[in-house]
Structure formats: C-alpha cells, structure tokens
Amino acid sequence: MKKIVLLRHGQSQWNLENRFTGWTDVGLTEQGRLEAKEAGNLLREADFHFDQAYTSYLKRAIETLHYVLDVLEQDWINVEKTWRLNERHYGALQGLNKAQTAAKYGEGQVQIWRRSYEVRPPALSIKDPRAPQRDRRYAQVPPADLPLSESLADTVARLMPYWEGVILPRMVDCQEILIAAHGNSLRGIVKHLKNISNQDIVSLNLPTGVPYVFEFTDDMVLQKDYFLGNPAEIKKRTEIAASQPKSSD
C-alpha cells in the first residue's frame, strides 16, 4: 500500500489578518506553528515514515513542513521545492484586506474571483514590485511561465505537469510521500485524484494543518482517502475555511 499525504500549511499571518495572500511570502502565526506540530504528532501516531517530501517556494508551506519533519525526526529525508506547488496567484488583490475588497467590488464579484473555476482576478502589471518576474527566487523560471493572476484552472494547469512528470514517477520507488502546500494547489491534486468536476472542486475546503491521506495500490489505483485527527477539530477548521467569504489561502 502506497500513501500520499497532502497538508495545507498552518494559519499564516495574512490568514489571520483576512488578506489575500497568493504568492506573497508570509510566515506562520503562533497558531499556525502549533497546527504544524499537531500535524506532525498525528502523523507520528499513525506511524508514517516518509521517503520524500515536496513543498512550494513560499515560507508558510516550508515552515509547516519543517515543523512536521522535526516532530517526526525525519528532517533528513529529501525535500524538493517547486514554484508549481505555490498557491494560486491572486494578482492585484494580493495584500488587500478581503472585507474591504468585498465592500469595494461587491461580495458577489469577490466570490466569483475566489470560487469560479476559470475567472481570474485583476492582474498585476509586469512592472509591479509584487510581480514574480521581479523576484529572484523565480529567476530560473521562464518569465512567460510566471503568472500575474490565476484562476483555479490556471493553478491546476501549471501544477499537473509537475504531478505527472515528477511526483507520480517518484512513487515507483517510494511508499509514503508528503506534500506540504496551499489550499488551491492541493485542491488541484485532490481534483485530479478524485476526478472532481470543475463545478464541484470550487466548493472543496481544506482545513489548515490537517493531514489528508490518500492510499493507493502498488500500481497507484486510489483505494481510499481520509483526514487524520479529531473529527470535531477537523470539522471546526473546515467550517472556518468555508465560512470566510472574503478569504483565501
């Protein structure tokens, strides 16, 4: 039996401040660090021994992975970072308070930007200091591949080549893989694994800091998926994610 664990990072500072985050590099809050350590404890209790881990270029996911592997005493395993696991790029909305954005544009428009599968938020200018083309961490990525705004469909499209070309082939030699990333990039993986429709995937809410386990046969046929942890706490965190109409990762 092979297993892939998806883990949305713990609460970030901009989650707490109700701001659009996207590719902005924001760290964890104290609660977020506790969530990451709790995830590590859950994985330790379930006797996970990871062969490989993946994360994004953003510190909130990197920090979460660090705390998990530290609790597991598996800091030594290979970790690969990729921009393709980054959160959805929220364009010119990044950094804005979500309540104020909803008041300005209307909650309906914000919901379309957030929850529509194919509609992008307003794009950044290539000259904007927030543009990823101006960030040295993406210097090795062709500038044309770097987004200035993304829909969920765009996020899935830039993620899937990495899933198909890197992660899935790695499972040939691995039994357990951990992916610490973001609400929307992980949503794309779940969409693929469970064959969820474009319409339904936008309603999927992933709780912060809760391991989501997928079990496969040795030839990578999905058998079952489940969250680790206390059902009441999982329900609470999922409801928090679902009840933030001006919220995103």
# chains A, B, ... in the order shown; residues from 1 in each chain; ligands from 1
>>> select_by_dssp(residues="stretch 15-239 of chain A", states="helix (DSSP H, G or I)", output="ChimeraX atom specification")
/A:15-16,30-45,59-72,83-85,91-93,98-105,107-115,132-134,136-138,143-145,152-170,183-194,198-201,231-239
>>> residues_around(residues="stretch 162-177 of chain A", least_positions_apart="4", cutoff="9 Å", atoms="only C-alpha atoms", output="number ranges by chain")
A: 1-6, 48-54, 82, 84-85, 158, 189, 218-220
>>> select_by_dssp(residues="stretch 174-204 of chain A", states="strand (DSSP E)", output="list in words")
Glu176, Ile177, Leu178, Ile179, Ala180 and Ala181 of chain A
>>> write_last_selection(atoms="C-alpha atoms", output="compact mmCIF listing (two decimals), in the first residue's frame")
# COMPACT_ATOMS: atom_id res chain seq x y z
CA GLU A 176 4.98 7.35 1.54
CA ILE A 177 5.25 10.91 0.23
CA LEU A 178 4.33 14.16 1.98
CA ILE A 179 3.24 17.29 0.09
CA ALA A 180 3.01 20.48 2.18
CA ALA A 181 1.46 23.24 0.13
>>> closest_residue(among="A:Tyr57, A:Asp75, A:Gly188, A:Glu215", to="A:Arg137", atoms="only C-alpha atoms")
A:Tyr57
>>> closest_residue(among="A:Leu159, A:Glu63, A:Leu7, A:Leu58", to="A:Thr29", atoms="only C-alpha atoms")
A:Glu63
>>> closest_residue(among="A:Pro147, A:Gly95, A:Gly40, A:Pro132", to="A:Arg19", atoms="only C-alpha atoms")
A:Gly95
